[in-house]
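Asker: Structure below; questions to follow.
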Amino acid sequence: MGRDGVVKTAEEWKTARAPELRNLFQNEMYGRMPEKPGSMEVVTVHEDEAWLGGKARLRELEIHLGKPETKAHLLLVIPNQRKAPVATFLGMNFKGNHALLEDEGIAIPPGLVGKDSARNTDKGWPIEAIVGRGYGFACFYSGDFVRDQAEVALARVKEFSAPVGTPADAVPATLACWAWGYSRMVDVLEKQPEIDAARIAAVGHSRNGKACLFAAAMDERIALAIPTQAGCGGTAPSKLPEQALDPKNVRPAHETVEIITTKFPQWFCGKFNAVGKNTERLKFDQHELVALCAPRPVLFSCAVGDEWSNPEGQFAMLLGADPVYQLVSGEGIGAKEMPEVGKLMPSRLGYFIRSGGHSMNEEDWMAWLAYADIWLKAKP
């Protein structure tokens, strides 16, 4: 970097500023990424070679990790009609793999009972459409790594090993452990002969989208990232202008750092939880987390009715990351204005906003598949 501290070349970004930012996000927001596991064993526990009327192969893998002791499951669906290893979407779900399909062979995570153990209840993953476009589909349950209840999570994350010398207020928090889970599943996908390990797209919705983006920023093996409606602590800015209250003067227009860290203290490290209203103390904002993904494509996906996650602020974060993308790849965001509702902006820094609220649905996936068709170049 020059004497003025400005990054002027792609090499300076890669060797100086990017490592500095990765340290800042770990030490002051998400906590340090846990160290790699001491061991990993992968076992196929369920397989259907003629799933979807013979169009695809369904496989469930059981992954045993040591340090911390973890048993996770990865659901994998691969199109049978393929000429070469396929590009693959890797997602993290809220309910468990059993909730994605009506298949008695898919394991139900321990401790889930009643409605939580019901199959085929999570409609946010149109697996048949994904496979029909020539993509592989892989998905895992966040709770296999850390269950998202504050007391349970705060106890569990202590089992993840932080690098020696990590301060107490920067040890791994839940989002870092989930991001670590994405990387462990990439480890597994790299060993599957039907998967093209150079074409893995990470997807995550809401809190999972926060983890998805952090994982992509930290793990360059993720070729494309789609954090959807990830909002504060993920794709939206932490440093907000003074906001108008809603008509009932109940809350700000968008979620704030103070609100999210009070409600979900397990997600972030102690240093970020202490920020509260004083966001001017932060040495970074979320556009710099996006920039850490450069030159890999990143698509933000939003909804008009999900104002709490700040769709306009998310677009501003893409604009903020654009200079780094221009420096590293010669291209970044496709426009200076948000696209029309329902129209995909398919640039390297992409954006999509639809009508409706906070959810993940088939309209989203149709846009994401179109984006992947451009950037991952998968063919049926």
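Starting from 1 in every chain, residues are counted up; chains themselves are A, B, ... following the order of the structure tokens, and ligands are numbered from 1 as listed.
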Name the residues in contact with Ser142 of chain A at a cut-off of 8 Å, using only C-alpha atoms, excluding same-chain residues fewer than 3 positions from it; report them as a PyMOL selection string.
Answerer: chain A and resi 92-94+96+145-147+178+181+208
Asker: Please dump the current selection as a short mmCIF file (atom, residue, chain, number, x, y, z; two decimals), in the first residue's frame; keep N, CA and C atoms.
Answerer:
data_model
loop_
_atom_site.label_atom_id
_atom_site.label_comp_id
_atom_site.auth_asym_id
_atom_site.auth_seq_id
_atom_site.Cartn_x
_atom_site.Cartn_y
_atom_site.Cartn_z
N MET A 92 -27.09 -24.57 3.76
CA MET A 92 -27.27 -24.95 5.16
C MET A 92 -28.72 -24.66 5.53
N ASN A 93 -29.39 -25.66 6.10
CA ASN A 93 -30.82 -25.52 6.40
C ASN A 93 -31.07 -25.39 7.90
N PHE A 94 -32.30 -24.97 8.24
CA PHE A 94 -32.69 -24.71 9.63
C PHE A 94 -33.28 -25.93 10.33
N GLY A 96 -33.10 -29.54 9.39
CA GLY A 96 -32.58 -30.89 9.24
C GLY A 96 -32.85 -31.41 7.85
N PHE A 145 -23.89 -28.67 13.88
CA PHE A 145 -22.68 -28.02 14.37
C PHE A 145 -22.96 -27.23 15.65
N VAL A 146 -23.97 -26.36 15.60
CA VAL A 146 -24.37 -25.60 16.78
C VAL A 146 -25.88 -25.40 16.73
N ARG A 147 -26.59 -25.85 17.76
CA ARG A 147 -28.03 -25.59 17.86
C ARG A 147 -28.24 -24.11 18.20
N TRP A 178 -20.75 -22.02 12.25
CA TRP A 178 -21.53 -22.42 11.08
C TRP A 178 -20.73 -22.24 9.79
N GLY A 181 -18.60 -24.96 9.42
CA GLY A 181 -19.36 -26.11 8.91
C GLY A 181 -19.43 -26.11 7.39
N ASN A 208 -28.44 -17.98 8.28
CA ASN A 208 -27.56 -18.87 7.54
C ASN A 208 -26.85 -18.12 6.41
#
Asker: Can you pull out the residues contacting segment 364-367 of chain A? Cut-off 7 Å, using only C-alpha atoms, and skip same-chain residues under 4 positions away; I want them as an mmCIF file with N, CA and C atoms, in the first residue's frame.
Answerer:
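The file below, part03.cif, is the result:
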data_model
loop_
_atom_site.group_PDB
_atom_site.id
_atom_site.type_symbol
_atom_site.label_atom_id
_atom_site.label_comp_id
_atom_site.auth_asym_id
_atom_site.auth_seq_id
_atom_site.Cartn_x
_atom_site.Cartn_y
_atom_site.Cartn_z
ATOM 1 N N LEU A 344 -33.370 -9.855 -12.351
ATOM 2 C CA LEU A 344 -32.030 -10.198 -11.885
ATOM 3 C C LEU A 344 -30.989 -9.239 -12.456
ATOM 4 N N MET A 360 -37.480 -18.027 1.633
ATOM 5 C CA MET A 360 -36.727 -18.516 0.479
ATOM 6 C C MET A 360 -37.702 -19.333 -0.356
ATOM 7 N N TYR A 371 -28.403 -17.014 -12.499
ATOM 8 C CA TYR A 371 -27.113 -16.413 -12.158
ATOM 9 C C TYR A 371 -25.994 -17.461 -12.244
#
Asker: Give me the residues of segment 4-107 of chain A that have any atom at most 12 Å from an atom of segment 117-128 of chain A; for each, the nearest atom pair and the distance in Å, rounded to one decimal. Use only C-alpha atoms, sort by chain and number, and format it as a tab-separated table.
Answerer:
residue	atom	partner	partner_atom	distance
A:Trp51	CA	A:Glu128	CA	10.1
A:Leu52	CA	A:Glu128	CA	7.6
A:Gly53	CA	A:Glu128	CA	10.8
A:Gly54	CA	A:Glu128	CA	11.9
A:Lys55	CA	A:Glu128	CA	9.2
A:Ala56	CA	A:Glu128	CA	9.0
A:Arg57	CA	A:Glu128	CA	11.6
A:Leu58	CA	A:Ile127	CA	10.8
A:Leu75	CA	A:Ile127	CA	11.0
A:Leu76	CA	A:Ile127	CA	10.2
A:Val77	CA	A:Ile127	CA	8.0
A:Ile78	CA	A:Ile127	CA	10.1
A:Pro79	CA	A:Glu128	CA	9.6
A:Thr88	CA	A:Ile127	CA	11.5
A:Phe89	CA	A:Ile127	CA	10.1
A:Leu90	CA	A:Trp125	CA	11.2
A:Gly91	CA	A:Trp125	CA	9.1
A:Met92	CA	A:Trp125	CA	10.6
A:Asn93	CA	A:Asp122	CA	8.7
A:Phe94	CA	A:Asp122	CA	8.6
A:Lys95	CA	A:Asp122	CA	7.3
A:Gly96	CA	A:Ser117	CA	8.5
A:Asn97	CA	A:Arg119	CA	8.6
A:His98	CA	A:Arg119	CA	5.3
A:Ala99	CA	A:Asn120	CA	4.4
A:Leu100	CA	A:Asn120	CA	4.9
A:Leu101	CA	A:Asn120	CA	4.4
A:Glu102	CA	A:Asn120	CA	5.0
A:Asp103	CA	A:Arg119	CA	7.5
A:Glu104	CA	A:Arg119	CA	8.2
A:Gly105	CA	A:Arg119	CA	10.8
A:Ile106	CA	A:Arg119	CA	9.1
A:Ala107	CA	A:Ser117	CA	9.8
Asker: As number ranges by chain, please: every residue in segment 67-303 of chain A that a backbone DSSP assignment puts in helix (DSSP H, G or I).
Answerer: A: 97-99, 114-117, 127-132, 142-144, 150-159, 168-170, 174-189, 207-218, 257-263, 270-273, 279-281, 286-291
Asker: Hey, can you spit out that residue selection with C-alpha atoms as an mmCIF file, in the first residue's frame?
Answerer:
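Dumped to part_29.cif:
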data_model
loop_
_atom_site.group_PDB
_atom_site.id
_atom_site.type_symbol
_atom_site.label_atom_id
_atom_site.label_comp_id
_atom_site.auth_asym_id
_atom_site.auth_seq_id
_atom_site.Cartn_x
_atom_site.Cartn_y
_atom_site.Cartn_z
ATOM 1 C CA ASN A 97 -32.124 -32.805 5.997
ATOM 2 C CA HIS A 98 -35.154 -34.966 6.780
ATOM 3 C CA ALA A 99 -37.359 -31.867 6.354
ATOM 4 C CA GLY A 114 -42.975 -33.798 17.252
ATOM 5 C CA LYS A 115 -43.347 -31.329 14.391
ATOM 6 C CA ASP A 116 -39.567 -30.824 14.319
ATOM 7 C CA SER A 117 -39.139 -34.444 13.270
ATOM 8 C CA ILE A 127 -34.329 -29.883 -5.463
ATOM 9 C CA GLU A 128 -36.000 -31.324 -8.560
ATOM 10 C CA ALA A 129 -35.637 -27.994 -10.407
ATOM 11 C CA ILE A 130 -32.016 -27.620 -9.317
ATOM 12 C CA VAL A 131 -31.053 -31.096 -10.485
ATOM 13 C CA GLY A 132 -33.100 -30.629 -13.656
ATOM 14 C CA SER A 142 -26.874 -25.940 11.074
ATOM 15 C CA GLY A 143 -27.812 -27.684 14.313
ATOM 16 C CA ASP A 144 -25.415 -30.539 13.562
ATOM 17 C CA ALA A 150 -28.590 -19.044 23.193
ATOM 18 C CA GLU A 151 -27.603 -21.112 26.264
ATOM 19 C CA VAL A 152 -27.029 -24.285 24.250
ATOM 20 C CA ALA A 153 -25.017 -22.444 21.601
ATOM 21 C CA LEU A 154 -22.878 -20.489 24.063
ATOM 22 C CA ALA A 155 -21.918 -23.772 25.743
ATOM 23 C CA ARG A 156 -21.320 -25.643 22.478
ATOM 24 C CA VAL A 157 -19.032 -23.064 20.844
ATOM 25 C CA LYS A 158 -16.572 -23.487 23.721
ATOM 26 C CA GLU A 159 -15.794 -26.921 22.267
ATOM 27 C CA ALA A 168 -11.674 -14.313 25.333
ATOM 28 C CA ASP A 169 -13.811 -11.749 23.503
ATOM 29 C CA ALA A 170 -12.720 -13.111 20.095
ATOM 30 C CA THR A 174 -22.030 -19.392 16.437
ATOM 31 C CA LEU A 175 -21.791 -17.742 13.003
ATOM 32 C CA ALA A 176 -18.088 -18.578 12.794
ATOM 33 C CA CYS A 177 -18.813 -22.196 13.740
ATOM 34 C CA TRP A 178 -21.534 -22.424 11.080
ATOM 35 C CA ALA A 179 -19.144 -20.924 8.519
ATOM 36 C CA TRP A 180 -16.631 -23.547 9.633
ATOM 37 C CA GLY A 181 -19.357 -26.107 8.911
ATOM 38 C CA TYR A 182 -19.612 -24.867 5.322
ATOM 39 C CA SER A 183 -15.871 -25.392 4.922
ATOM 40 C CA ARG A 184 -16.033 -28.893 6.358
ATOM 41 C CA MET A 185 -18.745 -29.771 3.834
ATOM 42 C CA VAL A 186 -16.533 -28.397 1.062
ATOM 43 C CA ASP A 187 -13.877 -30.822 2.363
ATOM 44 C CA VAL A 188 -16.379 -33.630 1.851
ATOM 45 C CA LEU A 189 -17.558 -32.468 -1.587
ATOM 46 C CA ARG A 207 -28.872 -16.061 9.714
ATOM 47 C CA ASN A 208 -27.557 -18.872 7.537
ATOM 48 C CA GLY A 209 -26.864 -16.241 4.879
ATOM 49 C CA LYS A 210 -24.658 -14.379 7.352
ATOM 50 C CA ALA A 211 -22.652 -17.567 7.878
ATOM 51 C CA CYS A 212 -22.621 -18.248 4.130
ATOM 52 C CA LEU A 213 -21.034 -14.877 3.323
ATOM 53 C CA PHE A 214 -18.486 -15.168 6.134
ATOM 54 C CA ALA A 215 -17.597 -18.671 4.940
ATOM 55 C CA ALA A 216 -17.053 -17.425 1.381
ATOM 56 C CA ALA A 217 -14.916 -14.537 2.608
ATOM 57 C CA MET A 218 -12.725 -16.941 4.566
ATOM 58 C CA VAL A 257 -26.328 -3.958 15.753
ATOM 59 C CA GLU A 258 -27.699 -3.185 19.206
ATOM 60 C CA ILE A 259 -30.936 -5.073 18.525
ATOM 61 C CA ILE A 260 -29.377 -8.132 16.909
ATOM 62 C CA THR A 261 -26.618 -8.608 19.488
ATOM 63 C CA THR A 262 -29.081 -8.194 22.360
ATOM 64 C CA LYS A 263 -31.514 -10.714 20.900
ATOM 65 C CA GLY A 270 -17.930 -10.623 22.773
ATOM 66 C CA LYS A 271 -16.216 -7.653 21.204
ATOM 67 C CA PHE A 272 -19.029 -7.126 18.678
ATOM 68 C CA ASN A 273 -21.707 -7.710 21.297
ATOM 69 C CA THR A 279 -21.129 1.543 15.622
ATOM 70 C CA GLU A 280 -18.808 4.433 14.780
ATOM 71 C CA ARG A 281 -16.187 2.471 16.760
ATOM 72 C CA GLN A 286 -19.992 -5.337 5.539
ATOM 73 C CA HIS A 287 -18.951 -4.099 2.066
ATOM 74 C CA GLU A 288 -15.437 -5.111 3.100
ATOM 75 C CA LEU A 289 -16.613 -8.633 3.912
ATOM 76 C CA VAL A 290 -18.049 -8.820 0.383
ATOM 77 C CA ALA A 291 -14.776 -7.471 -1.015
#
Asker: Measuring between only C-alpha atoms, which one of A:Gly350, A:Gly305, A:Gly233, A:Pro339 shows the shortest distance to Cys269 of chain A?
Answerer: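 So, comparing all the options, the nearest one is A:Gly233.
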Asker: Do you have the atom CA of Gly313 of chain A-atom CA of Cys293 of chain A distance handy?
Answerer: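 Between atom CA of Gly313 of chain A and atom CA of Cys293 of chain A the gap works out to 18.6 Å.
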Asker: Can you tell me, as a PyMOL selection string, what residues are no more than 9 Å from Ala223 of chain A when counting only C-alpha atoms, ignoring any on the same chain fewer than 3 positions away?
Answerer: chain A and resi 197-202+216+220+293+296-297+376
Asker: Between atom CA of Glu363 of chain A and atom CA of Thr228 of chain A, what distance in Å does the model show, to one decimal?
Answerer: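 Separating atom CA of Glu363 of chain A from atom CA of Thr228 of chain A is a distance of 12.5 Å.
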Asker: If you run DSSP over the backbone, which residues in segment 134-322 of chain A end up strand (DSSP E or B)? Put them as a VMD selection string.
Answerer: chain A and resid 136 to 141 195 to 205 224 to 228 232 236 245 252 298 to 303
Asker: Please produce a file of those selected residues containing N, CA and C atoms, as an mmCIF file, in the first residue's frame.
Answerer:
data_model
loop_
_atom_site.group_PDB
_atom_site.id
_atom_site.type_symbol
_atom_site.label_atom_id
_atom_site.label_comp_id
_atom_site.auth_asym_id
_atom_site.auth_seq_id
_atom_site.Cartn_x
_atom_site.Cartn_y
_atom_site.Cartn_z
ATOM 1 N N GLY A 136 -25.633 -30.243 -9.120
ATOM 2 C CA GLY A 136 -25.728 -31.049 -7.929
ATOM 3 C C GLY A 136 -26.304 -30.214 -6.802
ATOM 4 N N PHE A 137 -26.836 -30.904 -5.792
ATOM 5 C CA PHE A 137 -27.417 -30.231 -4.634
ATOM 6 C C PHE A 137 -26.890 -30.895 -3.378
ATOM 7 N N ALA A 138 -26.351 -30.090 -2.475
ATOM 8 C CA ALA A 138 -25.849 -30.594 -1.199
ATOM 9 C C ALA A 138 -26.381 -29.707 -0.088
ATOM 10 N N CYS A 139 -26.771 -30.316 1.036
ATOM 11 C CA CYS A 139 -27.350 -29.520 2.112
ATOM 12 C C CYS A 139 -27.054 -30.172 3.463
ATOM 13 N N PHE A 140 -26.857 -29.323 4.469
ATOM 14 C CA PHE A 140 -26.609 -29.820 5.819
ATOM 15 C C PHE A 140 -27.359 -28.963 6.823
ATOM 16 N N TYR A 141 -27.488 -29.466 8.014
ATOM 17 C CA TYR A 141 -28.282 -28.849 9.081
ATOM 18 C C TYR A 141 -27.370 -28.056 10.002
ATOM 19 N N ILE A 195 -18.657 -34.499 -8.250
ATOM 20 C CA ILE A 195 -18.722 -33.062 -7.976
ATOM 21 C C ILE A 195 -17.489 -32.364 -8.524
ATOM 22 N N ASP A 196 -17.712 -31.239 -9.207
ATOM 23 C CA ASP A 196 -16.605 -30.388 -9.642
ATOM 24 C C ASP A 196 -16.283 -29.446 -8.479
ATOM 25 N N ALA A 197 -15.197 -29.725 -7.772
ATOM 26 C CA ALA A 197 -14.868 -28.970 -6.564
ATOM 27 C C ALA A 197 -14.520 -27.517 -6.850
ATOM 28 N N ALA A 198 -14.253 -27.185 -8.096
ATOM 29 C CA ALA A 198 -13.950 -25.794 -8.457
ATOM 30 C C ALA A 198 -15.208 -24.992 -8.729
ATOM 31 N N ARG A 199 -16.382 -25.650 -8.664
ATOM 32 C CA ARG A 199 -17.644 -24.968 -8.977
ATOM 33 C C ARG A 199 -18.680 -25.248 -7.888
ATOM 34 N N ILE A 200 -18.359 -24.835 -6.673
ATOM 35 C CA ILE A 200 -19.270 -24.979 -5.547
ATOM 36 C C ILE A 200 -19.846 -23.611 -5.205
ATOM 37 N N ALA A 201 -21.179 -23.512 -5.185
ATOM 38 C CA ALA A 201 -21.874 -22.271 -4.850
ATOM 39 C C ALA A 201 -22.504 -22.423 -3.469
ATOM 40 N N ALA A 202 -22.150 -21.553 -2.543
ATOM 41 C CA ALA A 202 -22.710 -21.594 -1.192
ATOM 42 C C ALA A 202 -23.974 -20.740 -1.131
ATOM 43 N N VAL A 203 -25.019 -21.287 -0.494
ATOM 44 C CA VAL A 203 -26.303 -20.601 -0.350
ATOM 45 C C VAL A 203 -26.709 -20.635 1.123
ATOM 46 N N GLY A 204 -27.264 -19.525 1.602
ATOM 47 C CA GLY A 204 -27.790 -19.503 2.963
ATOM 48 C C GLY A 204 -28.811 -18.394 3.103
ATOM 49 N N HIS A 205 -29.871 -18.660 3.850
ATOM 50 C CA HIS A 205 -30.951 -17.694 4.038
ATOM 51 C C HIS A 205 -30.930 -17.136 5.453
ATOM 52 N N LEU A 224 -18.760 -19.296 -5.606
ATOM 53 C CA LEU A 224 -19.846 -18.331 -5.766
ATOM 54 C C LEU A 224 -20.655 -18.327 -4.479
ATOM 55 N N ALA A 225 -21.099 -17.155 -4.050
ATOM 56 C CA ALA A 225 -21.864 -17.067 -2.807
ATOM 57 C C ALA A 225 -23.200 -16.385 -3.045
ATOM 58 N N ILE A 226 -24.257 -16.964 -2.461
ATOM 59 C CA ILE A 226 -25.596 -16.375 -2.527
ATOM 60 C C ILE A 226 -26.143 -16.282 -1.110
ATOM 61 N N PRO A 227 -25.793 -15.192 -0.381
ATOM 62 C CA PRO A 227 -26.406 -14.950 0.918
ATOM 63 C C PRO A 227 -27.729 -14.224 0.709
ATOM 64 N N THR A 228 -28.815 -14.828 1.143
ATOM 65 C CA THR A 228 -30.134 -14.300 0.840
ATOM 66 C C THR A 228 -30.796 -13.705 2.083
ATOM 67 N N CYS A 232 -28.671 -7.397 8.836
ATOM 68 C CA CYS A 232 -27.685 -6.900 9.793
ATOM 69 C C CYS A 232 -26.791 -8.036 10.286
ATOM 70 N N ALA A 236 -26.074 -6.473 5.219
ATOM 71 C CA ALA A 236 -26.495 -5.076 5.395
ATOM 72 C C ALA A 236 -25.464 -4.327 6.239
ATOM 73 N N LEU A 245 -38.531 6.118 12.584
ATOM 74 C CA LEU A 245 -39.244 5.007 13.219
ATOM 75 C C LEU A 245 -40.474 4.657 12.399
ATOM 76 N N PRO A 252 -36.758 0.815 14.871
ATOM 77 C CA PRO A 252 -36.186 1.441 13.678
ATOM 78 C C PRO A 252 -36.677 0.755 12.406
ATOM 79 N N VAL A 298 -20.693 -12.832 -6.280
ATOM 80 C CA VAL A 298 -21.548 -12.790 -5.095
ATOM 81 C C VAL A 298 -22.891 -12.204 -5.518
ATOM 82 N N LEU A 299 -23.970 -12.894 -5.171
ATOM 83 C CA LEU A 299 -25.323 -12.429 -5.472
ATOM 84 C C LEU A 299 -26.077 -12.186 -4.176
ATOM 85 N N PHE A 300 -26.508 -10.937 -3.950
ATOM 86 C CA PHE A 300 -27.388 -10.634 -2.836
ATOM 87 C C PHE A 300 -28.832 -10.789 -3.307
ATOM 88 N N SER A 301 -29.647 -11.455 -2.494
ATOM 89 C CA SER A 301 -31.042 -11.694 -2.845
ATOM 90 C C SER A 301 -31.929 -11.154 -1.727
ATOM 91 N N CYS A 302 -32.910 -10.328 -2.095
ATOM 92 C CA CYS A 302 -33.719 -9.596 -1.119
ATOM 93 C C CYS A 302 -35.202 -9.689 -1.455
ATOM 94 N N ALA A 303 -36.030 -9.091 -0.593
ATOM 95 C CA ALA A 303 -37.473 -9.033 -0.834
ATOM 96 C C ALA A 303 -37.988 -7.665 -0.405
#
Asker: Calculate how many Å separate atom CA of Gly342 of chain A from atom CA of Val86 of chain A, rounding to one decimal.
Answerer: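 That distance, rounded to one decimal, is 27.7 Å.
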Asker: Find the residues around segment 30-45 of chain A up to 6 Å (only C-alpha atoms counted), leave out those fewer than 5 positions away in its own chain, and share them as a VMD selection string.
Answerer: chain A and resid 60 to 67 160 to 162 170 to 173 176 268 to 269
